Amino acid sequence: MTGTLRCVAAIGIAAGFGLSGAHASITGVYDISFDRTRSGLSGGLTAQASTAGTLIGNYDPVENPTGTRTKPGLFGTFGSTENVAVPVTLGGTLGGPIATPTTGGLRLDAGSEGVGSVSGLSADLLGGGSLALPLSITLSTEAFRTRTPTFLYPGGIPITVPLGEATVTQLLFEQIGAAPATLTKQPDGSTLLESAVVALFTVRMDLLGNPVDIPGAPVVIPISASLREQNGALAFSQSRPIDLGQTANPDVELPAIPFALPTLTPDTPANVILSLRLSEISAALNGAWTVSGDGVLVPAPSALLAALLGVSAISSRRRRGT
């Protein structure tokens with residue numbers, strides 16, 4: 001709670017309530033929707049996961065008698081049915097350039113004295129879709145050997161294996177509470193909206209067939225947008241750099257993962273089962289974020305009530321006239 005209060009205090013400073021320039025002419029409450037054809041993120045996304053556990057051959061005396069068997073150490077006996085787990089740590093890395101649309105919106109409450117608030121910001125940085133990025137993993141183990149196939153892994157030498165692609169299924173901002181804002185008239189006739197929004201940044205991805213979440217944690221998203229009234233609507237646009245990082249320590253067991261360890265014969269891997277515990281996962285997002293959209297005026301409660309009463313009165317007169 002203390003951290004949140006410090007964050008809110010910082011927002012008050014960032015919003016800059018020592019107003020300069022003329023008050024904005026834009027007043028009222030507007031719901032602004034982001035246009036996915038004009039809104040998007042261009043930059044890079046990387047994610048890393050750290051795990052620890054064991055690997056063991058996929059041998060089973062009944063179900064898979066010709067499967068791979070494993071045993072720690074490079075020397076000594078290796079019985080015909082021995083299959084012993086080997087300690088392993090595994091790091092997964094995915095990342096690359098991204099260019100994705102943004103959907104969502106926010107509510108702007110613009111007061112008559114150049115102050116207001118921003119609330120309800122929700123921004124889907126994948127635009128309702130998903131994103132495939134290259135994935136590789138790096139295994140570190142002690143020395144061990146295998147049978148079927150017969151191979152030696154000396155230990156102390158990380159094994160990096162490209163695994164094709166992983167899928168990012170969610171990159172999402174969701175605002176917490178409302179944020180103060182200033183609105184200042186500009187020489188070109190537009191209005192400058194400035195604020196600093198506290199939002200949860202949530203990342204979800206699929207790693208090796210396992211859904212993994214990086215739970216939302218508060219981040220500050222600066223807003224410096226141009227507003228223009230056009231044809232009874234409010235045009236909203238901003239473009240700014242974005243640089244965010246997120247880390248979580250889930251400490252959860254992952255489902256068993258079948259994995260083909262490379263050998264010197266490409267088509268004869270050592271097939272093992274990974275039993276891992278996910279200790280840490282992090283994501284970093286950077287690039288240029290452009291958001292454009294249109295806002296519609298939300299009727300004030302009194303105006304809406306008056307309109308409803310007017311419709312009711314007209315209906316009543318029509319009924320009496322029939």
# chains A, B, ... in the order shown; residues from 1 in each chain; ligands from 1
call {"tool": "residues_around", "arguments": {"residues": "A:Ser140", "least_positions_apart": "5", "cutoff": "7 Å", "atoms": "only C-alpha atoms", "output": "JSON, numbers by chain"}}
result
{"A": [88, 89, 90, 156, 157, 158, 159]}
call {"tool": "residues_around", "arguments": {"residues": "A:Ile281", "least_positions_apart": "3", "cutoff": "6 Å", "atoms": "only C-alpha atoms", "output": "list in words"}}
result
Gln48, Ala49, Thr247 and Ala248 of chain A
call {"tool": "write_last_selection", "arguments": {"atoms": "C-alpha atoms", "output": "mmCIF file, in the first residue's frame"}}
result
data_model
loop_
_atom_site.group_PDB
_atom_site.id
_atom_site.type_symbol
_atom_site.label_atom_id
_atom_site.label_comp_id
_atom_site.auth_asym_id
_atom_site.auth_seq_id
_atom_site.Cartn_x
_atom_site.Cartn_y
_atom_site.Cartn_z
ATOM 1 C CA GLN A 48 13.270 -15.241 -20.159
ATOM 2 C CA ALA A 49 12.359 -18.114 -17.858
ATOM 3 C CA THR A 247 9.356 -10.040 -13.482
ATOM 4 C CA ALA A 248 7.483 -12.708 -11.551
#
call {"tool": "residues_around", "arguments": {"residues": "A:Val219", "least_positions_apart": "3", "cutoff": "8 Å", "atoms": "only C-alpha atoms", "output": "ChimeraX atom specification"}}
result
/A:198-201,244
call {"tool": "residues_around", "arguments": {"residues": "A:Asp124", "least_positions_apart": "4", "cutoff": "7 Å", "atoms": "only C-alpha atoms", "output": "list in words"}}
result
Thr102, Thr103, Gly104, Gly128, Leu171, Leu172 and Phe173 of chain A
call {"tool": "write_last_selection", "arguments": {"atoms": "N, CA and C atoms", "output": "mmCIF file, in the first residue's frame"}}
result
data_model
loop_
_atom_site.group_PDB
_atom_site.id
_atom_site.type_symbol
_atom_site.label_atom_id
_atom_site.label_comp_id
_atom_site.auth_asym_id
_atom_site.auth_seq_id
_atom_site.Cartn_x
_atom_site.Cartn_y
_atom_site.Cartn_z
ATOM 1 N N THR A 102 -2.953 -2.030 -31.716
ATOM 2 C CA THR A 102 -3.453 -1.811 -30.366
ATOM 3 C C THR A 102 -4.949 -1.539 -30.422
ATOM 4 N N THR A 103 -5.688 -2.186 -29.532
ATOM 5 C CA THR A 103 -7.113 -1.904 -29.379
ATOM 6 C C THR A 103 -7.377 -1.545 -27.923
ATOM 7 N N GLY A 104 -8.535 -0.949 -27.672
ATOM 8 C CA GLY A 104 -8.898 -0.574 -26.305
ATOM 9 C C GLY A 104 -9.457 0.831 -26.273
ATOM 10 N N GLY A 128 -6.014 -8.088 -29.921
ATOM 11 C CA GLY A 128 -6.913 -9.240 -29.940
ATOM 12 C C GLY A 128 -6.312 -10.476 -30.578
ATOM 13 N N LEU A 171 -0.609 -9.176 -24.094
ATOM 14 C CA LEU A 171 0.158 -8.016 -23.637
ATOM 15 C C LEU A 171 -0.882 -6.954 -23.336
ATOM 16 N N LEU A 172 -1.123 -6.679 -22.075
ATOM 17 C CA LEU A 172 -2.304 -5.897 -21.711
ATOM 18 C C LEU A 172 -1.986 -4.859 -20.642
ATOM 19 N N PHE A 173 -2.472 -3.625 -20.865
ATOM 20 C CA PHE A 173 -2.492 -2.577 -19.844
ATOM 21 C C PHE A 173 -3.919 -2.433 -19.328
#
call {"tool": "closest_residue", "arguments": {"among": "A:Ala85, A:Ala24, A:Leu208, A:Pro72", "to": "A:Pro154", "atoms": "only C-alpha atoms"}}
result
A:Pro72
call {"tool": "closest_residue", "arguments": {"among": "A:Arg145, A:Gly127, A:Ala47, A:Ser282", "to": "A:Thr77", "atoms": "only C-alpha atoms"}}
result
A:Arg145
call {"tool": "select_by_dssp", "arguments": {"residues": "stretch 91-136 of chain A", "states": "strand (DSSP E)", "output": "MDAnalysis selection string"}}
result
chainID A and resid 91:101 103:110 115:124 131:136
call {"tool": "atom_distance", "arguments": {"atom1": "atom CA of A:Gly40", "atom2": "atom CA of A:Trp289"}}
result
6.0 Å
call {"tool": "atom_distance", "arguments": {"atom1": "atom CA of A:Ser239", "atom2": "atom CA of A:Ala288"}}
result
7.0 Å
call {"tool": "residues_around", "arguments": {"residues": "A:Ser275", "least_positions_apart": "3", "cutoff": "6 Å", "atoms": "only C-alpha atoms", "output": "PyMOL selection string"}}
result
chain A and resi 53-54+256
call {"tool": "write_last_selection", "arguments": {"atoms": "all heavy atoms", "output": "compact mmCIF listing (two decimals), in the first residue's frame"}}
result
# COMPACT_ATOMS: atom_id res chain seq x y z
N GLY A 53 15.36 -28.61 -11.96
CA GLY A 53 14.68 -29.88 -11.73
C GLY A 53 15.55 -31.03 -12.16
O GLY A 53 16.75 -31.04 -11.92
N THR A 54 14.94 -31.98 -12.86
CA THR A 54 15.67 -33.18 -13.31
C THR A 54 15.26 -33.53 -14.74
O THR A 54 14.20 -33.12 -15.22
CB THR A 54 15.38 -34.39 -12.41
OG1 THR A 54 13.99 -34.70 -12.46
CG2 THR A 54 15.81 -34.12 -10.97
N ALA A 256 5.24 -32.43 -16.86
CA ALA A 256 6.38 -33.12 -17.45
C ALA A 256 6.49 -32.77 -18.95
O ALA A 256 5.48 -32.73 -19.66
CB ALA A 256 6.23 -34.62 -17.27
call {"tool": "residues_around", "arguments": {"residues": "A:Thr148", "least_positions_apart": "6", "cutoff": "8 Å", "atoms": "only C-alpha atoms", "output": "list of chain:residue names"}}
result
A:Thr66, A:Gly67, A:Thr68, A:Arg69, A:Ala270
call {"tool": "closest_residue", "arguments": {"among": "A:Leu131, A:Ala300, A:Leu55, A:Val291", "to": "A:Asp206", "atoms": "only C-alpha atoms"}}
result
A:Leu131
call {"tool": "closest_residue", "arguments": {"among": "A:Glu142, A:Thr81, A:Leu41, A:Ile221", "to": "A:Pro97", "atoms": "only C-alpha atoms"}}
result
A:Leu41
